[in-house]
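Below is one structure, written out as C-alpha cells; comments come after it.
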Amino acid sequence: FASVDVIMTPGTPITAPEIPLDALAAGESNVTRVTTLMRYMFLANLAGIPGVAVPVGYDTAGLPISVQVMGTHWSEHVLLRLAHAIETMFERKPAQVFYDVLRGDTEH
C-alpha cells in the first residue's frame, strides 16, 4: 500500500451458481465450486487486512456481481466511504425471493 490506497478485485470470479434442489434441505458440499467462488475472498483474510464486497450491477441473467475493496490495516473508514460511493453509482433491484428469517419465514 505504499503507492495505492486500496486494492480492488472482483468479488467472485463467477456469478452465483444455481442451487441444486437436493441442497435445499441440508446444504451443499462442492469443494470445487466453493474454491472457485472464494478465489479472491481469501486474500484479505490471509493478509489480515480489512476488505468489503460491494454490489456493482448484474450479469445478463440478472444475477448480482460485485467488487471487493481491500485496504491497509486500520483503513476501514476509507473502505466504507468508498463502498458507499460505489454503491450509489449503481441501481439496486429488489430480490425476487426474500425470506425474513428474523420473522420466522421458512417457506421455500
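Order determines the names: the first chain of the C-alpha cells is A, the second B, and so forth; residues in each chain are numbered 1 upward, and ligands are numbered 1 upward as they are shown.
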Test item, strand (DSSP E or B) assignment across segment 8-94 of chain A, answer as a compact mmCIF listing (two decimals) with C-alpha atoms, in the first residue's frame:
# COMPACT_ATOMS: atom_id res chain seq x y z
CA MET A 8 -9.86 -3.85 -5.91
CA THR A 9 -10.65 -7.32 -7.22
CA PRO A 10 -13.82 -8.95 -8.49
CA GLY A 51 -11.97 -5.73 2.96
CA VAL A 52 -15.54 -5.15 1.84
CA ALA A 53 -17.57 -6.57 -1.04
CA VAL A 54 -19.77 -4.07 -2.87
CA PRO A 55 -22.56 -4.83 -5.37
CA VAL A 56 -21.91 -3.14 -8.71
CA GLY A 57 -24.58 -4.44 -11.05
CA TYR A 58 -25.99 -7.55 -12.67
CA PRO A 64 -25.65 -9.72 -8.90
CA ILE A 65 -21.96 -9.04 -9.41
CA SER A 66 -19.61 -7.27 -7.01
CA VAL A 67 -16.14 -5.92 -6.42
CA GLN A 68 -14.01 -6.43 -3.34
CA VAL A 69 -12.13 -3.45 -1.94
CA MET A 70 -9.20 -4.11 0.40
CA GLY A 71 -7.16 -1.60 2.36
Tell me which protein, DNA and RNA residues are within 9 Å of Met38 of chain A, counting only C-alpha atoms, leaving out same-chain ones fewer than 6 positions away, and put them as a list of chain:residue names. A:Gly11, A:Thr12, A:Pro13
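Of the residues listed (A:His84, A:Ala16, A:Val34, A:Val6), A:Val6 shows the shortest atom-to-atom separation from Ile49 of chain A; distances use only C-alpha atoms.
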I want to know what sits within 12 Å of Pro20 of chain A, based on only C-alpha atoms, with residues of the same chain fewer than 6 positions away left out; could you give that as a list in words? Ala26, Gly27, Glu28, Ser29 and Asn30 of chain A
Can you write out the residues you just picked, keeping C-alpha atoms, as a compact mmCIF listing (two decimals), in the first residue's frame?
# COMPACT_ATOMS: atom_id res chain seq x y z
CA ALA A 26 -29.19 -29.92 4.11
CA GLY A 27 -26.91 -27.68 2.08
CA GLU A 28 -24.26 -28.45 -0.46
CA SER A 29 -20.65 -29.51 -0.20
CA ASN A 30 -18.99 -28.87 -3.54
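When atom CA of Asp5 of chain A is paired with atom CA of Ser75 of chain A, their separation reads 8.9 Å.
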re atom CA of Met41 of chain A and atom CA of Thr15 of chain A: distance 13.9 Å
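Minimum atom-to-atom distances from A:Phe1, A:Phe98, A:Pro50, A:Arg103 to Glu76 of chain A were compared using only C-alpha atoms, and the lowest value belongs to A:Pro50.
Relative to atom CA of Ser3 of chain A, atom CA of Asn45 of chain A is found at 21.2 Å.
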